[in-house]
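Source file: query_35.pdb. Holds: PDB, C-alpha atoms and all ligand atoms.
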```pdb
ATOM      1  CA  MET A   1      12.438  10.360   6.088  1.00  0.00           C
ATOM      2  CA  PHE A   2      13.070  11.368   9.715  1.00  0.00           C
ATOM      3  CA  PHE A   3      16.589  12.660   9.045  1.00  0.00           C
ATOM      4  CA  ARG A   4      15.418  14.530   5.945  1.00  0.00           C
ATOM      5  CA  ARG A   5      12.723  16.246   7.990  1.00  0.00           C
ATOM      6  CA  TRP A   6      15.268  17.058  10.702  1.00  0.00           C
ATOM      7  CA  LEU A   7      17.491  18.745   8.105  1.00  0.00           C
ATOM      8  CA  ALA A   8      14.476  20.711   6.849  1.00  0.00           C
ATOM      9  CA  ASN A   9      13.253  21.819  10.290  1.00  0.00           C
ATOM     10  CA  PRO A  10      15.360  20.725  13.302  1.00  0.00           C
ATOM     11  CA  LEU A  11      13.246  22.647  15.840  1.00  0.00           C
ATOM     12  CA  GLN A  12      10.042  20.965  14.695  1.00  0.00           C
ATOM     13  CA  MET A  13      11.601  17.465  14.770  1.00  0.00           C
ATOM     14  CA  GLY A  14      13.684  17.859  17.937  1.00  0.00           C
ATOM     15  CA  SER A  15      15.641  14.659  17.271  1.00  0.00           C
ATOM     16  CA  VAL A  16      17.816  13.191  14.527  1.00  0.00           C
ATOM     17  CA  VAL A  17      16.496   9.636  14.742  1.00  0.00           C
ATOM     18  CA  PRO A  18      13.141   8.007  15.623  1.00  0.00           C
ATOM     19  CA  SER A  19      12.341   6.893  19.176  1.00  0.00           C
ATOM     20  CA  SER A  20      13.997   3.600  20.174  1.00  0.00           C
ATOM     21  CA  PRO A  21      12.134   0.378  21.048  1.00  0.00           C
ATOM     22  CA  ALA A  22      13.179   0.869  24.708  1.00  0.00           C
ATOM     23  CA  LEU A  23      11.593   4.330  24.843  1.00  0.00           C
ATOM     24  CA  CYS A  24       8.477   3.033  23.067  1.00  0.00           C
ATOM     25  CA  ARG A  25       8.121   0.260  25.674  1.00  0.00           C
ATOM     26  CA  ARG A  26       8.318   2.765  28.510  1.00  0.00           C
ATOM     27  CA  LEU A  27       5.687   4.978  26.919  1.00  0.00           C
ATOM     28  CA  VAL A  28       3.385   2.028  26.319  1.00  0.00           C
ATOM     29  CA  ALA A  29       3.718   0.999  29.969  1.00  0.00           C
ATOM     30  CA  GLN A  30       2.770   4.508  31.121  1.00  0.00           C
ATOM     31  CA  SER A  31      -0.134   5.060  28.748  1.00  0.00           C
ATOM     32  CA  ARG A  32      -2.529   2.322  29.732  1.00  0.00           C
ATOM     33  CA  VAL A  33      -6.163   3.285  29.421  1.00  0.00           C
ATOM     34  CA  ALA A  34      -9.458   1.869  30.615  1.00  0.00           C
ATOM     35  CA  PRO A  35     -11.610  -0.231  28.244  1.00  0.00           C
ATOM     36  CA  GLY A  36     -13.306   2.021  25.678  1.00  0.00           C
ATOM     37  CA  GLN A  37     -10.802   4.848  26.055  1.00  0.00           C
ATOM     38  CA  SER A  38      -8.404   6.061  23.354  1.00  0.00           C
ATOM     39  CA  VAL A  39      -4.776   7.128  23.258  1.00  0.00           C
ATOM     40  CA  LEU A  40      -3.956  10.396  21.513  1.00  0.00           C
ATOM     41  CA  GLU A  41      -0.392  10.789  20.208  1.00  0.00           C
ATOM     42  CA  LEU A  42       0.775  14.257  19.192  1.00  0.00           C
ATOM     43  CA  GLY A  43       3.717  14.501  16.794  1.00  0.00           C
ATOM     44  CA  ALA A  44       3.725  10.820  15.887  1.00  0.00           C
ATOM     45  CA  GLY A  45       6.545  11.155  13.328  1.00  0.00           C
ATOM     46  CA  THR A  46       7.388   7.743  11.890  1.00  0.00           C
ATOM     47  CA  GLY A  47       4.750   6.061  14.066  1.00  0.00           C
ATOM     48  CA  VAL A  48       7.016   3.797  16.087  1.00  0.00           C
ATOM     49  CA  ILE A  49       5.321   4.677  19.393  1.00  0.00           C
ATOM     50  CA  SER A  50       1.869   4.222  17.886  1.00  0.00           C
ATOM     51  CA  ARG A  51       2.973   0.886  16.424  1.00  0.00           C
ATOM     52  CA  ALA A  52       4.177  -0.226  19.867  1.00  0.00           C
ATOM     53  CA  LEU A  53       0.800   0.747  21.371  1.00  0.00           C
ATOM     54  CA  LEU A  54      -1.014  -1.362  18.777  1.00  0.00           C
ATOM     55  CA  ASP A  55       1.407  -4.270  19.253  1.00  0.00           C
ATOM     56  CA  ALA A  56       0.700  -4.089  23.005  1.00  0.00           C
ATOM     57  CA  GLY A  57      -3.003  -4.620  22.343  1.00  0.00           C
ATOM     58  CA  LEU A  58      -4.540  -1.182  21.886  1.00  0.00           C
ATOM     59  CA  PRO A  59      -7.254  -1.615  19.220  1.00  0.00           C
ATOM     60  CA  PRO A  60      -6.474   0.611  16.189  1.00  0.00           C
ATOM     61  CA  GLU A  61      -9.867   2.288  16.394  1.00  0.00           C
ATOM     62  CA  ARG A  62      -8.808   3.607  19.793  1.00  0.00           C
ATOM     63  CA  LEU A  63      -5.649   5.286  18.532  1.00  0.00           C
ATOM     64  CA  VAL A  64      -5.706   8.896  17.327  1.00  0.00           C
ATOM     65  CA  VAL A  65      -2.527  10.548  16.031  1.00  0.00           C
ATOM     66  CA  VAL A  66      -1.847  14.124  15.009  1.00  0.00           C
ATOM     67  CA  GLU A  67       1.131  15.046  12.828  1.00  0.00           C
ATOM     68  CA  ILE A  68       1.892  18.410  11.255  1.00  0.00           C
ATOM     69  CA  VAL A  69       4.113  17.230   8.367  1.00  0.00           C
ATOM     70  CA  ALA A  70       2.054  16.088   5.375  1.00  0.00           C
ATOM     71  CA  ASP A  71       4.541  13.383   4.225  1.00  0.00           C
ATOM     72  CA  MET A  72       4.673  11.925   7.706  1.00  0.00           C
ATOM     73  CA  ALA A  73       0.892  11.960   8.100  1.00  0.00           C
ATOM     74  CA  ALA A  74       0.633  10.081   4.777  1.00  0.00           C
ATOM     75  CA  HIS A  75       3.221   7.575   6.017  1.00  0.00           C
ATOM     76  CA  LEU A  76       1.291   7.151   9.298  1.00  0.00           C
ATOM     77  CA  ARG A  77      -1.894   6.349   7.368  1.00  0.00           C
ATOM     78  CA  ARG A  78       0.001   3.564   5.594  1.00  0.00           C
ATOM     79  CA  VAL A  79       1.646   2.028   8.690  1.00  0.00           C
ATOM     80  CA  LEU A  80      -1.280   2.436  11.136  1.00  0.00           C
ATOM     81  CA  PRO A  81      -4.272   0.930   9.328  1.00  0.00           C
ATOM     82  CA  GLY A  82      -7.499   1.421  11.258  1.00  0.00           C
ATOM     83  CA  ALA A  83      -6.144   4.280  13.381  1.00  0.00           C
ATOM     84  CA  THR A  84      -7.346   7.878  13.031  1.00  0.00           C
ATOM     85  CA  VAL A  85      -4.511   9.944  11.519  1.00  0.00           C
ATOM     86  CA  ILE A  86      -5.029  13.691  11.492  1.00  0.00           C
ATOM     87  CA  GLU A  87      -2.689  15.965   9.566  1.00  0.00           C
ATOM     88  CA  GLY A  88      -2.549  19.242  11.461  1.00  0.00           C
ATOM     89  CA  ASP A  89      -1.075  21.430  14.150  1.00  0.00           C
ATOM     90  CA  ALA A  90      -1.595  20.114  17.676  1.00  0.00           C
ATOM     91  CA  ARG A  91      -2.141  23.684  18.884  1.00  0.00           C
ATOM     92  CA  GLU A  92      -5.442  23.447  16.997  1.00  0.00           C
ATOM     93  CA  LEU A  93      -6.623  20.252  18.707  1.00  0.00           C
ATOM     94  CA  PRO A  94     -10.090  21.534  19.648  1.00  0.00           C
ATOM     95  CA  ARG A  95     -10.705  22.292  15.964  1.00  0.00           C
ATOM     96  CA  LEU A  96      -9.070  19.079  14.679  1.00  0.00           C
ATOM     97  CA  LEU A  97     -10.780  16.562  16.954  1.00  0.00           C
ATOM     98  CA  ALA A  98     -14.462  15.790  16.620  1.00  0.00           C
ATOM     99  CA  PRO A  99     -16.222  15.822  20.030  1.00  0.00           C
ATOM    100  CA  GLU A 100     -16.836  12.062  19.869  1.00  0.00           C
ATOM    101  CA  LEU A 101     -13.056  11.498  19.525  1.00  0.00           C
ATOM    102  CA  SER A 102     -12.222  13.903  22.368  1.00  0.00           C
ATOM    103  CA  ALA A 103     -14.779  12.311  24.672  1.00  0.00           C
ATOM    104  CA  ARG A 104     -12.935   8.967  24.606  1.00  0.00           C
ATOM    105  CA  ILE A 105      -9.362  10.148  25.235  1.00  0.00           C
ATOM    106  CA  GLY A 106      -7.832   8.350  28.202  1.00  0.00           C
ATOM    107  CA  ALA A 107      -4.158   9.182  27.691  1.00  0.00           C
ATOM    108  CA  VAL A 108      -2.153  11.709  25.701  1.00  0.00           C
ATOM    109  CA  ILE A 109       1.442  11.259  24.527  1.00  0.00           C
ATOM    110  CA  CYS A 110       3.174  14.393  23.311  1.00  0.00           C
ATOM    111  CA  GLY A 111       6.308  13.940  21.186  1.00  0.00           C
ATOM    112  CA  ILE A 112       6.513  17.548  20.071  1.00  0.00           C
ATOM    113  CA  PRO A 113       9.780  19.088  21.292  1.00  0.00           C
ATOM    114  CA  LEU A 114       8.179  21.598  23.682  1.00  0.00           C
ATOM    115  CA  VAL A 115      11.476  22.378  25.423  1.00  0.00           C
ATOM    116  CA  LEU A 116      12.623  24.286  22.347  1.00  0.00           C
ATOM    117  CA  LEU A 117       9.636  26.659  22.449  1.00  0.00           C
ATOM    118  CA  PRO A 118       9.077  29.900  24.344  1.00  0.00           C
ATOM    119  CA  ARG A 119       6.792  29.588  27.363  1.00  0.00           C
ATOM    120  CA  ALA A 120       3.804  31.224  25.675  1.00  0.00           C
ATOM    121  CA  GLU A 121       4.043  28.685  22.830  1.00  0.00           C
ATOM    122  CA  GLN A 122       4.340  25.790  25.279  1.00  0.00           C
ATOM    123  CA  ALA A 123       1.172  27.083  26.932  1.00  0.00           C
ATOM    124  CA  ARG A 124      -0.698  26.892  23.631  1.00  0.00           C
ATOM    125  CA  PHE A 125       0.003  23.143  23.408  1.00  0.00           C
ATOM    126  CA  ILE A 126      -0.815  22.568  27.075  1.00  0.00           C
ATOM    127  CA  ASP A 127      -4.095  24.485  26.751  1.00  0.00           C
ATOM    128  CA  ALA A 128      -5.018  22.600  23.571  1.00  0.00           C
ATOM    129  CA  ILE A 129      -4.483  19.250  25.311  1.00  0.00           C
ATOM    130  CA  GLU A 130      -6.504  20.379  28.325  1.00  0.00           C
ATOM    131  CA  ALA A 131      -9.312  21.521  26.021  1.00  0.00           C
ATOM    132  CA  VAL A 132      -9.743  18.078  24.416  1.00  0.00           C
ATOM    133  CA  ALA A 133      -8.768  15.866  27.375  1.00  0.00           C
ATOM    134  CA  PRO A 134      -9.661  17.821  30.524  1.00  0.00           C
ATOM    135  CA  GLY A 135      -7.733  16.718  33.606  1.00  0.00           C
ATOM    136  CA  ARG A 136      -5.897  13.885  31.841  1.00  0.00           C
ATOM    137  CA  GLY A 137      -2.565  15.623  31.563  1.00  0.00           C
ATOM    138  CA  PHE A 138      -0.019  14.160  29.172  1.00  0.00           C
ATOM    139  CA  LEU A 139       3.115  12.069  28.856  1.00  0.00           C
ATOM    140  CA  HIS A 140       6.078  13.804  27.295  1.00  0.00           C
ATOM    141  CA  TYR A 141       9.424  12.276  26.362  1.00  0.00           C
ATOM    142  CA  SER A 142      12.525  14.349  26.432  1.00  0.00           C
ATOM    143  CA  TYR A 143      16.312  14.191  26.300  1.00  0.00           C
ATOM    144  CA  CYS A 144      16.708  16.835  29.019  1.00  0.00           C
ATOM    145  CA  VAL A 145      18.356  15.996  32.327  1.00  0.00           C
ATOM    146  CA  THR A 146      15.688  18.001  34.187  1.00  0.00           C
ATOM    147  CA  SER A 147      12.026  18.683  33.355  1.00  0.00           C
ATOM    148  CA  PRO A 148      11.685  19.977  29.776  1.00  0.00           C
ATOM    149  CA  LEU A 149       8.774  22.164  30.932  1.00  0.00           C
ATOM    150  CA  PRO A 150       8.806  24.812  33.679  1.00  0.00           C
ATOM    151  CA  TRP A 151       5.860  22.962  35.209  1.00  0.00           C
ATOM    152  CA  ARG A 152       5.141  25.289  38.122  1.00  0.00           C
ATOM    153  CA  LYS A 153       4.870  28.237  35.756  1.00  0.00           C
ATOM    154  CA  HIS A 154       2.349  26.248  33.685  1.00  0.00           C
ATOM    155  CA  ALA A 155       0.370  25.273  36.830  1.00  0.00           C
ATOM    156  CA  LEU A 156       1.197  21.591  36.275  1.00  0.00           C
ATOM    157  CA  THR A 157       2.442  18.796  38.460  1.00  0.00           C
ATOM    158  CA  ALA A 158       5.393  16.842  37.073  1.00  0.00           C
ATOM    159  CA  ARG A 159       6.722  13.340  37.640  1.00  0.00           C
ATOM    160  CA  ARG A 160       9.538  11.566  35.851  1.00  0.00           C
ATOM    161  CA  GLU A 161       8.002   8.127  35.245  1.00  0.00           C
ATOM    162  CA  ALA A 162      10.862   6.428  33.420  1.00  0.00           C
ATOM    163  CA  TRP A 163      14.305   6.863  31.946  1.00  0.00           C
ATOM    164  CA  THR A 164      16.219   4.843  29.390  1.00  0.00           C
ATOM    165  CA  PRO A 165      19.833   5.000  28.259  1.00  0.00           C
ATOM    166  CA  LEU A 166      18.762   2.824  25.301  1.00  0.00           C
ATOM    167  CA  ASN A 167      17.705   5.748  23.160  1.00  0.00           C
ATOM    168  CA  PHE A 168      19.710   8.277  21.208  1.00  0.00           C
ATOM    169  CA  PRO A 169      20.023  10.503  23.120  1.00  0.00           C
ATOM    170  CA  PRO A 170      19.004   8.871  26.476  1.00  0.00           C
ATOM    171  CA  ALA A 171      15.407   9.821  27.192  1.00  0.00           C
ATOM    172  CA  SER A 172      13.025  10.386  30.094  1.00  0.00           C
ATOM    173  CA  VAL A 173       9.264   9.974  30.181  1.00  0.00           C
ATOM    174  CA  TRP A 174       7.553  12.763  32.107  1.00  0.00           C
ATOM    175  CA  ARG A 175       3.944  12.912  33.244  1.00  0.00           C
ATOM    176  CA  TYR A 176       2.423  16.380  33.528  1.00  0.00           C
ATOM    177  CA  GLN A 177      -1.002  17.037  34.973  1.00  0.00           C
ATOM    178  CA  PRO A 178      -3.037  20.120  35.741  1.00  0.00           C
ATOM    179  CA  GLU A 179      -2.141  21.124  39.301  1.00  0.00           C
ATOM    180  CA  ASN A 180      -5.701  21.221  40.599  1.00  0.00           C
ATOM    181  CA  LYS A 181      -6.969  17.941  39.113  1.00  0.00           C
ATOM    182  CA  ALA A 182      -6.523  14.460  40.545  1.00  0.00           C
ATOM    183  CA  ALA A 183      -4.746  11.858  38.410  1.00  0.00           C
ATOM    184  CA  ALA A 184      -7.118   9.602  36.477  1.00  0.00           C
ATOM    185  CA  ALA A 185      -6.436   6.026  37.524  1.00  0.00           C
ATOM    186  CA  PRO A 186      -4.824   4.131  34.634  1.00  0.00           C
ATOM    187  CA  GLY A 187      -6.227   0.715  33.801  1.00  0.00           C
ATOM    188  CA  PRO A 188      -5.186  -2.001  31.345  1.00  0.00           C
ATOM    189  CA  HIS A 189      -5.856  -1.697  27.631  1.00  0.00           C
ATOM    190  CA  GLY A 190      -9.408  -2.883  27.142  1.00  0.00           C
TER
HETATM  191  C1  LIG A 201      10.605  14.002  18.178  1.00  0.00           C
HETATM  192  S1  LIG A 201       9.656  13.866  16.686  1.00  0.00           S
HETATM  193  C2  LIG A 201       8.639  12.440  17.019  1.00  0.00           C
HETATM  194  C3  LIG A 201       9.370  11.202  16.904  1.00  0.00           C
HETATM  195  C4  LIG A 201       8.527   9.963  16.880  1.00  0.00           C
HETATM  196  N1  LIG A 201       8.351   9.456  18.213  1.00  0.00           N
HETATM  197  C5  LIG A 201       9.277   8.950  16.040  1.00  0.00           C
HETATM  198  O1  LIG A 201      10.011   8.147  16.605  1.00  0.00           O
HETATM  199  O2  LIG A 201       9.176   9.010  14.800  1.00  0.00           O
HETATM  200  C6  LIG A 201       8.459  15.174  16.817  1.00  0.00           C
HETATM  201  C7  LIG A 201       7.320  15.128  15.820  1.00  0.00           C
HETATM  202  O3  LIG A 201       6.404  16.182  16.140  1.00  0.00           O
HETATM  203  C8  LIG A 201       5.910  16.725  14.926  1.00  0.00           C
HETATM  204  N2  LIG A 201       5.414  18.078  15.228  1.00  0.00           N
HETATM  205  C9  LIG A 201       6.142  19.180  15.516  1.00  0.00           C
HETATM  206  N3  LIG A 201       5.343  20.228  15.765  1.00  0.00           N
HETATM  207  C10 LIG A 201       4.063  19.776  15.646  1.00  0.00           C
HETATM  208  C11 LIG A 201       2.783  20.381  15.806  1.00  0.00           C
HETATM  209  N4  LIG A 201       2.659  21.694  16.108  1.00  0.00           N
HETATM  210  N5  LIG A 201       1.673  19.631  15.637  1.00  0.00           N
HETATM  211  C12 LIG A 201       1.785  18.300  15.317  1.00  0.00           C
HETATM  212  N6  LIG A 201       2.970  17.682  15.136  1.00  0.00           N
HETATM  213  C13 LIG A 201       4.103  18.396  15.315  1.00  0.00           C
HETATM  214  C14 LIG A 201       7.130  16.699  14.006  1.00  0.00           C
HETATM  215  O4  LIG A 201       6.790  16.810  12.647  1.00  0.00           O
HETATM  216  C15 LIG A 201       7.740  15.344  14.381  1.00  0.00           C
HETATM  217  O5  LIG A 201       7.214  14.309  13.577  1.00  0.00           O
END
```

Spit out the file's structure as structure tokens when you get a sec.
Amino acid sequence: MFFRRWLANPLQMGSVVPSSPALCRRLVAQSRVAPGQSVLELGAGTGVISRALLDAGLPPERLVVVEIVADMAAHLRRVLPGATVIEGDARELPRLLAPELSARIGAVICGIPLVLLPRAEQARFIDAIEAVAPGRGFLHYSYCVTSPLPWRKHALTARREAWTPLNFPPASVWRYQPENKAAAAPGPHG
């Protein structure tokens, strides 16, 4: 399914194969939330990162995923029972997420290949995330050697949290946060 979608729209998929278990582990380690908070995954694809979050103890009712491709959203509903799967465009997050879902977001993982987009388009995603999860920032995985986002131009801070050669291609996990907001202290999955 992943490869078929890549053939259909390589810019939207950004990768030929799903994220590896090593990359999933690194994302899980960086996306710990306090008890009662949810994780929001944007561009969940085949759901391997979401699955790893659930396997690490995140209760399914505290997982919200957004995926633009209808077939993939249907697949996510099958493989992530109990999670909230929303078929839609992450640029429309404020419209897609009910306020009670937004209010609980503790961490955001963005798998959408932002590096391939013009800056104004990147800003639409960044603004949408900030609108539903103010001050939280987001984790973003990327195959770039340097930051996939021009973070200063987006008024973000950037930190490379992890890197793994055990992904095709080797991948980094970046944490971006609004420049003027303090980092929310991560806690264990509750
Ligand atoms: C790099 S792939 C995600 C890979 C995923 N981690 C996996 O292993 O299956 C990027 C995903 O983002 C989705 N996507 C791209 N643009 C999107 C958008 N505007 N809103 C929501 N999802 C989007 C694509 O359909 C694709 O599933």

Could you pull the residues within 7 Å of region 61-75 of chain A, counting all atoms listed in the file, minus those fewer than 4 positions along the same chain, as JSON, numbers by chain? {"A": [37, 38, 39, 40, 41, 42, 43, 44, 45, 46, 79, 82, 83, 84, 85, 86, 87, 88, 89, 90]}

I'd like the interatomic distance between atom O5 of ligand LIG 201 (chain A) and CA of Gln177 (chain A), to a tenth of an Å. 23.1 Å

Name every residue that the PyMOL selection byres (((chain A and resi 152-168) around 7) and not hetatm) selects in this structure, writing the answer as a PyMOL selection string with chains first and numbers rising. chain A and resi 19-20+22-23+26+123+150-151+169-179

Check what the PyMOL selection byres (((chain A and resi 104) around 8) and not hetatm) selects in the file above and give those residues as a ChimeraX atom specification. /A:36-38,100-103,105-106

Could you check which of A:Met13, A:Leu117, A:Ala133, A:Cys144 is closest to ligand LIG 201 (chain A), using all atoms listed in the file? A:Met13

Calculate, to one decimal in Å, the centre and edge lengths of the box along x, y and z of the file that holds all listed atoms of ligand LIG 201 (chain A) with 5 Å of margin on each side, and present them as AutoDock Vina command-line options.
```
--center_x 6.1 --center_y 14.9 --center_z 15.4 --size_x 18.9 --size_y 23.5 --size_z 15.6
```

Please determine, counting only C-alpha atoms and all ligand atoms, which residue among A:Pro35, A:Leu93, A:Arg78, A:Arg119 has the shortest atom-to-atom distance to ligand LIG 201 (chain A). A:Leu93

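Rounded to one decimal, CA of Glu92 (chain A) and CA of Val17 (chain A) lie 26.0 Å from each other.
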
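Residue nearest Leu11 (chain A) within the list A:Ile112, A:Leu58, A:Glu130, A:Ile49: A:Ile112 [criterion: smallest interatomic distance, all atoms listed in the file].
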
Between A:Ala128, A:Ala8, A:Val33, A:Leu114, smallest distance to Arg91 (chain A) by all atoms listed in the file belongs to A:Ala128

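The interatomic distance for the pair CA of Pro10 (chain A) and CA of Pro81 (chain A) works out to 28.2 Å.
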
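Comparing the minimum interatomic distances between Leu53 (chain A) and each of A:Arg77, A:Ala107, A:Leu96, A:Gln122, counting all atoms listed in the file, we find that A:Ala107 sits nearest.
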
Could you rebuild region 133-149 of chain A with N, CA and C atoms and give it back as a PDB file, in the frame of the given file?
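Result file is result00.pdb:
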```pdb
ATOM      1  N   ALA A 133      -8.859  16.975  26.405  1.00  0.00           N
ATOM      2  CA  ALA A 133      -8.768  15.866  27.375  1.00  0.00           C
ATOM      3  C   ALA A 133      -8.659  16.455  28.781  1.00  0.00           C
ATOM      4  N   PRO A 134      -9.735  17.089  29.256  1.00  0.00           N
ATOM      5  CA  PRO A 134      -9.661  17.821  30.524  1.00  0.00           C
ATOM      6  C   PRO A 134      -9.215  16.932  31.688  1.00  0.00           C
ATOM      7  N   GLY A 135      -8.195  17.410  32.399  1.00  0.00           N
ATOM      8  CA  GLY A 135      -7.733  16.718  33.606  1.00  0.00           C
ATOM      9  C   GLY A 135      -6.845  15.518  33.367  1.00  0.00           C
ATOM     10  N   ARG A 136      -6.687  15.100  32.109  1.00  0.00           N
ATOM     11  CA  ARG A 136      -5.897  13.885  31.841  1.00  0.00           C
ATOM     12  C   ARG A 136      -4.404  14.144  31.950  1.00  0.00           C
ATOM     13  N   GLY A 137      -3.995  15.371  31.638  1.00  0.00           N
ATOM     14  CA  GLY A 137      -2.565  15.623  31.563  1.00  0.00           C
ATOM     15  C   GLY A 137      -1.977  14.943  30.345  1.00  0.00           C
ATOM     16  N   PHE A 138      -0.643  14.790  30.342  1.00  0.00           N
ATOM     17  CA  PHE A 138      -0.019  14.160  29.172  1.00  0.00           C
ATOM     18  C   PHE A 138       1.352  13.609  29.532  1.00  0.00           C
ATOM     19  N   LEU A 139       1.755  12.602  28.760  1.00  0.00           N
ATOM     20  CA  LEU A 139       3.115  12.069  28.856  1.00  0.00           C
ATOM     21  C   LEU A 139       3.956  12.794  27.821  1.00  0.00           C
ATOM     22  N   HIS A 140       5.203  13.054  28.193  1.00  0.00           N
ATOM     23  CA  HIS A 140       6.078  13.804  27.295  1.00  0.00           C
ATOM     24  C   HIS A 140       7.469  13.203  27.403  1.00  0.00           C
ATOM     25  N   TYR A 141       8.068  12.822  26.287  1.00  0.00           N
ATOM     26  CA  TYR A 141       9.424  12.276  26.362  1.00  0.00           C
ATOM     27  C   TYR A 141      10.412  13.351  25.948  1.00  0.00           C
ATOM     28  N   SER A 142      11.581  13.251  26.577  1.00  0.00           N
ATOM     29  CA  SER A 142      12.525  14.349  26.432  1.00  0.00           C
ATOM     30  C   SER A 142      13.938  13.846  26.684  1.00  0.00           C
ATOM     31  N   TYR A 143      14.895  14.547  26.117  1.00  0.00           N
ATOM     32  CA  TYR A 143      16.312  14.191  26.300  1.00  0.00           C
ATOM     33  C   TYR A 143      16.970  15.085  27.342  1.00  0.00           C
ATOM     34  N   CYS A 144      16.164  15.912  28.016  1.00  0.00           N
ATOM     35  CA  CYS A 144      16.708  16.835  29.019  1.00  0.00           C
ATOM     36  C   CYS A 144      17.034  16.080  30.307  1.00  0.00           C
ATOM     37  N   VAL A 145      18.008  16.588  31.034  1.00  0.00           N
ATOM     38  CA  VAL A 145      18.356  15.996  32.327  1.00  0.00           C
ATOM     39  C   VAL A 145      17.277  16.354  33.355  1.00  0.00           C
ATOM     40  N   THR A 146      16.757  17.571  33.283  1.00  0.00           N
ATOM     41  CA  THR A 146      15.688  18.001  34.187  1.00  0.00           C
ATOM     42  C   THR A 146      14.399  18.155  33.374  1.00  0.00           C
ATOM     43  N   SER A 147      13.317  18.566  34.044  1.00  0.00           N
ATOM     44  CA  SER A 147      12.026  18.683  33.355  1.00  0.00           C
ATOM     45  C   SER A 147      12.131  19.590  32.123  1.00  0.00           C
ATOM     46  N   PRO A 148      11.642  19.125  30.977  1.00  0.00           N
ATOM     47  CA  PRO A 148      11.685  19.977  29.776  1.00  0.00           C
ATOM     48  C   PRO A 148      10.699  21.140  29.840  1.00  0.00           C
ATOM     49  N   LEU A 149       9.752  21.074  30.780  1.00  0.00           N
ATOM     50  CA  LEU A 149       8.774  22.164  30.932  1.00  0.00           C
ATOM     51  C   LEU A 149       8.939  22.819  32.300  1.00  0.00           C
TER      52      LEU A 149
END
```
